[in-house]
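Structure record follows, encoded as structure tokens.
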Amino acid sequence: MLVELPEAAKPAEAFLETAADLDKLYIPTRDPNGFDAGAPADYFSARDAQKAVSDAEAIIDHVRRQVHR
């Protein structure tokens, strides 16, 4: 969705890469059949989760700043 924003509201390229990293987590973290063996919790650490939360918060903050202009 960030890619579709008007040019004036688009974030920096690094920010788009952060959003792409979050996209990669969408299915494997939720689908118990997302991996050949084990549960999603076997593949992701607390550090991975904290980074994902931090990245998501940064995106939400960016969107809020755009909405409240």
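FYI, nothing fancy with the structure tokens labels: chains A, B, ... in order, residues from 1 per chain, ligands from 1 as they appear.
Those residues that approach range 18-20 of chain A to within 10 Å, counting only C-alpha atoms, are Met1, Leu2, Val3, Ala52, Asp55, Ala56, Ala58 and Ile59 of chain A; same-chain residues fewer than 6 positions away are not listed.
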Please produce an output containing N, CA and C atoms for each residue in the selection, written as a CSV table (one decimal), in the first residue's frame.
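Once written, part29.csv looks like this:
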```csv
chain,number,residue,atom,x,y,z
A,1,MET,N,0.8,-1.2,0.0
A,1,MET,CA,0.0,0.0,0.0
A,1,MET,C,0.9,1.3,0.0
A,2,LEU,N,2.0,1.2,0.6
A,2,LEU,CA,2.9,2.4,0.7
A,2,LEU,C,3.3,2.8,-0.7
A,3,VAL,N,3.5,1.8,-1.6
A,3,VAL,CA,4.0,2.1,-2.9
A,3,VAL,C,2.9,2.9,-3.7
A,52,ALA,N,9.8,-6.7,14.4
A,52,ALA,CA,8.5,-6.6,13.6
A,52,ALA,C,7.6,-5.5,14.2
A,55,ASP,N,9.0,-2.1,13.6
A,55,ASP,CA,8.8,-1.7,12.2
A,55,ASP,C,7.4,-1.3,11.9
A,56,ALA,N,6.5,-2.1,12.4
A,56,ALA,CA,5.0,-1.8,12.2
A,56,ALA,C,4.7,-0.4,12.9
A,58,ALA,N,6.6,2.1,13.3
A,58,ALA,CA,7.1,3.2,12.5
A,58,ALA,C,6.3,3.4,11.3
A,59,ILE,N,5.7,2.4,10.7
A,59,ILE,CA,4.8,2.6,9.6
A,59,ILE,C,3.5,3.3,10.0
```
Selection: 12 Å around Asp48 in chain A, only C-alpha atoms, excl. self and same-chain fewer than 6 positions, as a ChimeraX atom specification: /A:21-22,25,29,40-42,54-55
Those residues with N, CA and C atoms, as a PDB file, in the first residue's frame please?
```
ATOM      1  N   ASP A  21       9.802  -6.248   4.314  1.00  0.00           N
ATOM      2  CA  ASP A  21      10.226  -7.256   5.302  1.00  0.00           C
ATOM      3  C   ASP A  21       9.037  -7.713   6.132  1.00  0.00           C
ATOM      4  N   LEU A  22       8.163  -6.798   6.527  1.00  0.00           N
ATOM      5  CA  LEU A  22       6.972  -7.169   7.289  1.00  0.00           C
ATOM      6  C   LEU A  22       6.031  -8.033   6.453  1.00  0.00           C
ATOM      7  N   LEU A  25       6.502 -11.708   6.648  1.00  0.00           N
ATOM      8  CA  LEU A  25       6.132 -12.375   7.894  1.00  0.00           C
ATOM      9  C   LEU A  25       4.650 -12.709   7.969  1.00  0.00           C
ATOM     10  N   THR A  29       4.172 -16.634   9.897  1.00  0.00           N
ATOM     11  CA  THR A  29       4.036 -16.484  11.345  1.00  0.00           C
ATOM     12  C   THR A  29       2.667 -16.916  11.852  1.00  0.00           C
ATOM     13  N   PRO A  40       5.411 -22.190  13.768  1.00  0.00           N
ATOM     14  CA  PRO A  40       6.035 -20.896  13.500  1.00  0.00           C
ATOM     15  C   PRO A  40       6.934 -20.421  14.652  1.00  0.00           C
ATOM     16  N   ALA A  41       6.544 -20.714  15.885  1.00  0.00           N
ATOM     17  CA  ALA A  41       7.347 -20.282  17.037  1.00  0.00           C
ATOM     18  C   ALA A  41       8.747 -20.901  17.030  1.00  0.00           C
ATOM     19  N   ASP A  42       8.915 -21.997  16.320  1.00  0.00           N
ATOM     20  CA  ASP A  42      10.226 -22.628  16.227  1.00  0.00           C
ATOM     21  C   ASP A  42      11.169 -21.858  15.303  1.00  0.00           C
ATOM     22  N   SER A  54       8.353  -3.031  16.173  1.00  0.00           N
ATOM     23  CA  SER A  54       8.975  -1.713  16.020  1.00  0.00           C
ATOM     24  C   SER A  54       8.804  -1.189  14.594  1.00  0.00           C
ATOM     25  N   ASP A  55       9.021  -2.053  13.614  1.00  0.00           N
ATOM     26  CA  ASP A  55       8.849  -1.655  12.211  1.00  0.00           C
ATOM     27  C   ASP A  55       7.395  -1.286  11.923  1.00  0.00           C
TER      28      ASP A  55
END
```
Residue among A:Tyr43, A:Tyr26, A:Phe35, A:Phe15 lying closest to Asp61 in chain A, counting only C-alpha atoms: A:Phe15
Gap from CA of Pro32 in chain A to CA of Ser45 in chain A - Å, one decimal: 16.1 Å
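The space separating CA of His62 in chain A from CA of Gln50 in chain A comes to 18.4 Å.
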